[in-house]
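Okay, start-v9.txt now, which holds compact mmCIF, C-alpha atoms:
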```txt
# COMPACT_ATOMS: atom_id res chain seq x y z
CA MET A 1 96.39 87.71 87.75
CA ALA A 2 98.32 87.99 84.48
CA GLU A 3 99.95 91.36 84.00
CA ARG A 4 98.11 93.49 81.47
CA LYS A 5 100.04 95.07 78.63
CA ALA A 6 99.77 98.83 78.81
CA THR A 7 100.95 101.94 77.04
CA VAL A 8 102.72 104.42 79.31
CA ARG A 9 103.51 107.97 78.31
CA ALA A 10 104.27 111.39 79.70
CA VAL A 11 101.74 114.03 78.68
CA GLN A 12 101.29 117.78 78.82
CA ILE A 13 97.81 119.01 79.67
CA PRO A 14 96.77 122.54 78.66
CA ALA A 15 94.96 124.38 81.44
CA GLY A 16 94.33 128.02 80.62
CA ARG A 17 97.66 129.82 80.42
CA VAL A 18 99.72 126.91 81.76
CA GLU A 19 100.56 123.33 80.88
CA LEU A 20 100.54 120.60 83.50
CA ALA A 21 102.76 117.52 83.42
CA GLY A 22 101.09 114.14 83.67
CA ASP A 23 101.68 110.39 83.44
CA LEU A 24 99.15 108.34 81.51
CA VAL A 25 98.85 104.56 81.65
CA VAL A 26 96.38 102.79 79.35
CA PRO A 27 96.05 99.00 79.68
CA ALA A 28 95.00 97.04 76.61
CA GLY A 29 91.21 97.02 76.42
CA ALA A 30 90.89 99.65 79.15
CA LEU A 31 87.59 99.57 81.03
CA ALA A 32 87.49 103.27 81.97
CA LEU A 33 89.75 106.19 82.89
CA VAL A 34 90.48 107.29 86.46
CA ILE A 35 91.97 110.77 86.85
CA PHE A 36 93.83 111.45 90.10
CA ALA A 37 93.77 114.71 92.06
CA HIS A 38 96.54 114.80 94.66
CA GLY A 39 96.49 116.63 97.98
CA SER A 40 98.31 119.79 98.96
CA GLY A 41 102.08 119.54 98.98
CA SER A 42 102.02 116.50 96.72
CA SER A 43 102.30 115.85 92.99
CA ARG A 44 101.81 113.22 90.32
CA PHE A 45 104.68 111.35 92.00
CA SER A 46 102.66 110.73 95.20
CA PRO A 47 103.69 107.19 96.21
CA ARG A 48 100.27 106.50 97.70
CA ASN A 49 98.38 107.58 94.60
CA ARG A 50 100.80 105.70 92.36
CA PHE A 51 100.25 102.55 94.40
CA VAL A 52 96.47 102.85 93.99
CA ALA A 53 96.91 103.61 90.29
CA GLY A 54 98.95 100.44 89.89
CA VAL A 55 96.18 98.35 91.41
CA LEU A 56 93.67 100.01 89.09
CA ASN A 57 95.90 99.37 86.07
CA GLN A 58 96.06 95.69 86.96
CA ALA A 59 92.26 95.67 87.09
CA GLY A 60 92.09 97.15 83.58
CA PHE A 61 91.62 100.86 84.27
CA ALA A 62 93.53 103.60 82.51
CA THR A 63 94.96 106.16 84.93
CA LEU A 64 96.09 109.76 84.62
CA LEU A 65 98.20 111.24 87.41
CA PHE A 66 99.06 114.87 86.79
CA ASP A 67 100.36 117.90 88.63
CA LEU A 68 97.64 120.31 89.69
CA LEU A 69 100.26 123.07 89.91
CA THR A 70 103.18 124.08 87.69
CA ALA A 71 106.72 123.83 89.06
CA ALA A 72 106.79 127.60 89.65
CA GLU A 73 103.46 127.49 91.47
CA GLU A 74 104.62 124.59 93.61
CA ASN A 75 107.76 126.52 94.62
CA LEU A 76 105.71 129.58 95.55
CA ASP A 77 103.14 127.50 97.40
CA ARG A 78 105.86 125.79 99.43
CA TYR A 79 106.61 129.10 101.13
CA SER A 80 103.35 131.00 100.89
CA GLY A 81 100.60 128.36 100.85
CA GLN A 82 99.01 130.48 98.14
CA TYR A 83 97.62 127.66 96.03
CA ARG A 84 97.07 124.61 98.23
CA PHE A 85 93.64 125.73 99.43
CA ASP A 86 92.61 127.44 96.19
CA ILE A 87 90.11 124.66 95.58
CA PRO A 88 88.29 126.39 92.68
CA LEU A 89 91.62 126.65 90.83
CA LEU A 90 92.45 123.00 91.51
CA ALA A 91 88.97 121.95 90.38
CA ALA A 92 89.37 123.97 87.18
CA ARG A 93 92.67 122.19 86.51
CA LEU A 94 90.96 118.82 87.00
CA GLU A 95 88.23 119.86 84.59
CA ALA A 96 90.90 120.86 82.08
CA ALA A 97 92.43 117.39 82.37
CA THR A 98 89.01 115.88 81.73
CA VAL A 99 88.55 118.00 78.62
CA TRP A 100 92.03 117.03 77.44
CA ALA A 101 91.26 113.33 77.93
CA ARG A 102 88.11 113.66 75.85
CA GLY A 103 90.28 114.86 72.96
CA GLU A 104 92.64 111.88 73.09
CA PRO A 105 91.56 109.11 70.68
CA GLU A 106 92.52 106.27 73.06
CA LEU A 107 90.55 107.86 75.90
CA ALA A 108 87.66 109.58 74.15
CA THR A 109 85.14 106.75 74.58
CA LEU A 110 86.09 105.75 78.13
CA LYS A 111 83.94 106.60 81.13
CA VAL A 112 85.72 108.89 83.59
CA GLY A 113 86.13 108.59 87.34
CA TYR A 114 88.01 110.76 89.84
CA PHE A 115 90.25 109.63 92.69
CA GLY A 116 90.95 112.54 95.02
CA ALA A 117 93.16 112.69 98.11
CA SER A 118 92.95 115.33 100.85
CA THR A 119 92.32 118.73 99.23
CA GLY A 120 92.30 117.00 95.84
CA ALA A 121 89.10 115.25 96.88
CA ALA A 122 87.40 118.63 97.28
CA ALA A 123 88.59 119.58 93.81
CA ALA A 124 87.21 116.29 92.47
CA LEU A 125 83.79 116.90 94.03
CA ILE A 126 83.57 120.40 92.57
CA ALA A 127 84.73 119.28 89.12
CA ALA A 128 82.22 116.42 89.18
CA ALA A 129 79.42 118.78 90.21
CA ASN A 130 80.30 120.99 87.25
CA ARG A 131 80.40 118.03 84.83
CA PRO A 132 77.58 115.69 85.87
CA GLU A 133 77.31 114.10 82.42
CA GLU A 134 81.01 113.27 82.18
CA VAL A 135 82.08 111.98 85.60
CA GLY A 136 80.76 108.53 86.48
CA ALA A 137 82.25 107.87 89.92
CA ILE A 138 84.37 109.46 92.65
CA VAL A 139 86.62 107.98 95.33
CA SER A 140 87.98 110.20 98.10
CA ARG A 141 90.96 109.09 100.25
CA GLY A 142 91.33 111.03 103.47
CA GLY A 143 89.48 113.81 101.71
CA ARG A 144 88.39 117.28 102.74
CA PRO A 145 84.86 117.38 101.31
CA ASP A 146 84.08 120.30 103.63
CA LEU A 147 86.16 122.45 101.26
CA ALA A 148 83.55 121.70 98.57
CA ALA A 149 80.56 122.24 100.87
CA ASP A 150 78.65 124.53 98.48
CA PHE A 151 78.81 121.91 95.72
CA LEU A 152 78.02 118.69 97.58
CA ASP A 153 74.29 118.68 96.86
CA ARG A 154 75.06 119.08 93.13
CA VAL A 155 77.30 116.01 92.85
CA ARG A 156 75.61 113.27 90.83
CA ALA A 157 78.44 110.75 90.50
CA PRO A 158 78.37 107.84 93.00
CA THR A 159 80.86 108.83 95.69
CA LEU A 160 82.92 106.67 98.05
CA LEU A 161 84.51 108.44 101.02
CA ILE A 162 87.42 106.48 102.55
CA VAL A 163 88.79 107.66 105.90
CA GLY A 164 91.18 106.17 108.44
CA GLY A 165 89.68 105.18 111.77
CA ASN A 166 92.49 107.02 113.54
CA ASP A 167 91.84 110.28 111.69
CA PRO A 168 89.00 111.64 113.86
CA VAL A 169 88.80 115.22 112.60
CA VAL A 170 88.69 114.22 108.94
CA LEU A 171 86.31 111.37 109.77
CA GLU A 172 83.83 113.79 111.30
CA LEU A 173 84.14 116.14 108.31
CA ASN A 174 83.35 113.22 106.01
CA ARG A 175 80.37 112.16 108.11
CA GLN A 176 78.99 115.67 107.81
CA ALA A 177 79.61 115.68 104.04
CA LEU A 178 77.88 112.32 103.64
CA ARG A 179 74.69 113.84 105.01
CA LYS A 180 74.85 116.64 102.43
CA LEU A 181 75.47 114.47 99.37
CA ARG A 182 72.36 113.72 97.30
CA CYS A 183 73.97 111.10 95.09
CA GLU A 184 74.66 107.46 95.86
CA ALA A 185 77.32 107.75 98.54
CA ARG A 186 79.08 105.62 101.14
CA LEU A 187 81.57 106.22 103.92
CA GLU A 188 84.14 103.46 104.43
CA VAL A 189 86.31 103.61 107.56
CA VAL A 190 89.61 101.71 107.49
CA PRO A 191 90.20 100.56 111.09
CA GLY A 192 93.49 101.57 112.66
CA ALA A 193 94.53 103.80 109.73
CA GLY A 194 95.72 107.39 110.09
CA HIS A 195 95.39 110.22 107.61
CA LEU A 196 98.12 108.94 105.28
CA PHE A 197 97.17 105.25 105.47
CA GLU A 198 100.76 104.31 106.25
CA GLU A 199 99.85 101.40 108.54
CA PRO A 200 100.37 97.82 107.28
CA GLY A 201 97.59 96.83 104.91
CA ALA A 202 95.81 100.20 105.07
CA LEU A 203 96.70 101.48 101.61
CA GLU A 204 96.04 98.05 100.13
CA ARG A 205 92.53 98.27 101.57
CA VAL A 206 92.07 101.73 100.03
CA ALA A 207 93.12 100.38 96.64
CA GLU A 208 90.74 97.43 96.90
CA LEU A 209 87.83 99.66 97.83
CA ALA A 210 88.59 102.08 95.01
CA ARG A 211 88.98 99.28 92.48
CA ASP A 212 85.66 97.72 93.43
CA TRP A 213 83.82 101.06 93.43
CA PHE A 214 85.10 101.94 89.97
CA LYS A 215 84.33 98.44 88.68
CA LEU A 216 80.76 98.78 89.88
CA HIS A 217 80.10 102.28 88.63
CA LEU A 218 82.38 102.68 85.61
CA ALA A 219 82.69 99.13 84.29
CA GLY A 220 79.32 97.76 85.37
CA ALA A 221 80.91 94.78 87.14
```

Could you quickly redo this structure as structure tokens?
Amino acid sequence: MAERKATVRAVQIPAGRVELAGDLVVPAGALALVIFAHGSGSSRFSPRNRFVAGVLNQAGFATLLFDLLTAAEENLDRYSGQYRFDIPLLAARLEAATVWARGEPELATLKVGYFGASTGAAAALIAAANRPEEVGAIVSRGGRPDLAADFLDRVRAPTLLIVGGNDPVVLELNRQALRKLRCEARLEVVPGAGHLFEEPGALERVAELARDWFKLHLAGA
């Protein structure tokens, strides 16, 4: 596939009293925008999320990877764990990024999807439940949907849950969440993969599944 030309820029996203650093990539003729929500202890530099974002960019999707916490919050969380399971806060930050994107001329008309990993997936589900008219699809990688349990029946965006076959605890949590979702939803198990999808070919499979889900539900392909 020919490489798509894209604009790449660092952005600052206002979220209440703080600003959050982000990296925005917009291919020419972008099909839709996928906003990433990373897991606890990670950031916009997550190599796994950046790999998936690259696959999505090649498929024509704009991507926004941003830090859910400020540098000061990350430093505090590293020692205290104060923020990593504050899912309402993380969801509010994701909503703020969605509002920011709607105000950007190059993004304003694009449909929005969320890609959430680990605790970031819970934040994505809550943010999507709060914005049913704005979020068109969700993909969760090794997610913790149980942390969004009170919101699952309010999610309207088609949701794909991806879990490694060798991640039994998270797999069971996702099976339970699947039964609570009232939207179009599917659980995809990647055989032989652990929680971080570090095994050969595992992350590639995640990226393929995400790409196809977003094509179907955001780009109508």

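Each of A:Gln58, A:Thr70, A:Asn174, A:Ser80 was compared to Gln12 in chain A using all atoms listed in the file, and A:Thr70 turns out to be the nearest.
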
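Picture a line from CA of Gly39 in chain A to CA of Tyr83 in chain A; it runs 11.3 Å.
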
For this session: In Å, rounded to a single decimal, give me how far CA of Leu33 in chain A is from CA of Pro47 in chain A.
Result: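 Going from CA of Pro47 in chain A over to CA of Leu33 in chain A, I get 19.3 Å.
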
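Separating CA of Gly120 in chain A from CA of Arg93 in chain A is a distance of 10.7 Å.
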
Seminar exercise, completed: Residue with the minimum atom-to-atom distance to Glu106 in chain A, picked from A:Pro191, A:Pro200, A:Gly29, A:Gly136 with all atoms listed in the file counted, is A:Gly29

With a cut-off of 8 Å, could you pull out the residues of range 52-89 of chain A touching range 21-25 of chain A and give me the nearest pair of atoms for each, distance in Å to one decimal, using all atoms listed in the file, ordered by chain and ascending number, as JSON lines?
```
{"residue": "A:Asn57", "atom": "CA", "partner": "A:Val25", "partner_atom": "CA", "distance": 7.4}
{"residue": "A:Ala62", "atom": "CA", "partner": "A:Val25", "partner_atom": "CA", "distance": 5.5}
{"residue": "A:Thr63", "atom": "CA", "partner": "A:Val25", "partner_atom": "CA", "distance": 5.3}
{"residue": "A:Leu64", "atom": "CA", "partner": "A:Leu24", "partner_atom": "CA", "distance": 4.6}
{"residue": "A:Leu65", "atom": "CA", "partner": "A:Asp23", "partner_atom": "CA", "distance": 5.3}
{"residue": "A:Phe66", "atom": "CA", "partner": "A:Gly22", "partner_atom": "CA", "distance": 3.8}
{"residue": "A:Asp67", "atom": "CA", "partner": "A:Ala21", "partner_atom": "CA", "distance": 5.7}
{"residue": "A:Thr70", "atom": "CA", "partner": "A:Ala21", "partner_atom": "CA", "distance": 7.8}
```

Exercise. Using all atoms listed in the file, which residues sit within 9 Å of Ala128 in chain A once same-chain residues fewer than 2 positions away are excluded, as a list in words?
Worked result: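 After dropping sequence-adjacent residues, the list is Ala91, Glu95, Gly113, Tyr114, Ala123, Ala124, Leu125, Ile126, Asn130, Arg131, Pro132, Glu133, Glu134, Val135, Gly136, Ala137, Ile138, Arg154, Val155, Arg156 and Ala157 of chain A.
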
Create the file for the chosen residues now, containing C-alpha atoms and written as a PDB file, in the frame of the given file.
```pdb
ATOM      1  CA  ALA A  91      88.970 121.950  90.380  1.00  0.00           C
ATOM      2  CA  GLU A  95      88.230 119.860  84.590  1.00  0.00           C
ATOM      3  CA  GLY A 113      86.130 108.590  87.340  1.00  0.00           C
ATOM      4  CA  TYR A 114      88.010 110.760  89.840  1.00  0.00           C
ATOM      5  CA  ALA A 123      88.590 119.580  93.810  1.00  0.00           C
ATOM      6  CA  ALA A 124      87.210 116.290  92.470  1.00  0.00           C
ATOM      7  CA  LEU A 125      83.790 116.900  94.030  1.00  0.00           C
ATOM      8  CA  ILE A 126      83.570 120.400  92.570  1.00  0.00           C
ATOM      9  CA  ASN A 130      80.300 120.990  87.250  1.00  0.00           C
ATOM     10  CA  ARG A 131      80.400 118.030  84.830  1.00  0.00           C
ATOM     11  CA  PRO A 132      77.580 115.690  85.870  1.00  0.00           C
ATOM     12  CA  GLU A 133      77.310 114.100  82.420  1.00  0.00           C
ATOM     13  CA  GLU A 134      81.010 113.270  82.180  1.00  0.00           C
ATOM     14  CA  VAL A 135      82.080 111.980  85.600  1.00  0.00           C
ATOM     15  CA  GLY A 136      80.760 108.530  86.480  1.00  0.00           C
ATOM     16  CA  ALA A 137      82.250 107.870  89.920  1.00  0.00           C
ATOM     17  CA  ILE A 138      84.370 109.460  92.650  1.00  0.00           C
ATOM     18  CA  ARG A 154      75.060 119.080  93.130  1.00  0.00           C
ATOM     19  CA  VAL A 155      77.300 116.010  92.850  1.00  0.00           C
ATOM     20  CA  ARG A 156      75.610 113.270  90.830  1.00  0.00           C
ATOM     21  CA  ALA A 157      78.440 110.750  90.500  1.00  0.00           C
TER      22      ALA A 157
END
```

For this session: Would you list the contacts of Leu178 in chain A as an MDAnalysis selection string, taking every protein, DNA or RNA residue within 8 Å and counting only C-alpha atoms, but skipping same-chain residues closer than 6 positions in sequence?
Result: chainID A and resid 185:187

For this session: Counting all atoms listed in the file, figure out which residue out of A:Thr7, A:Thr159, A:Ser43, A:Gln176 gets nearest to Leu216 in chain A.
Result: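 That would be A:Thr159, the residue with the smallest distance to Leu216 in chain A.
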
For this session: Kindly indicate which residue among A:Arg84, A:Arg50, A:His195, A:Lys111 lies nearest to Lys215 in chain A, using all atoms listed in the file for the distances.
Result: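 The answer is A:Lys111, which sits nearest to Lys215 in chain A.
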
For this session: Identify, on the basis of all atoms listed in the file, every residue whose closest approach to Ala121 in chain A does not exceed 6 Å; exclude the query and any residue fewer than 3 positions from it along the same chain; express the result as a PyMOL selection string.
Result: chain A and resi 116-118+124+140+143
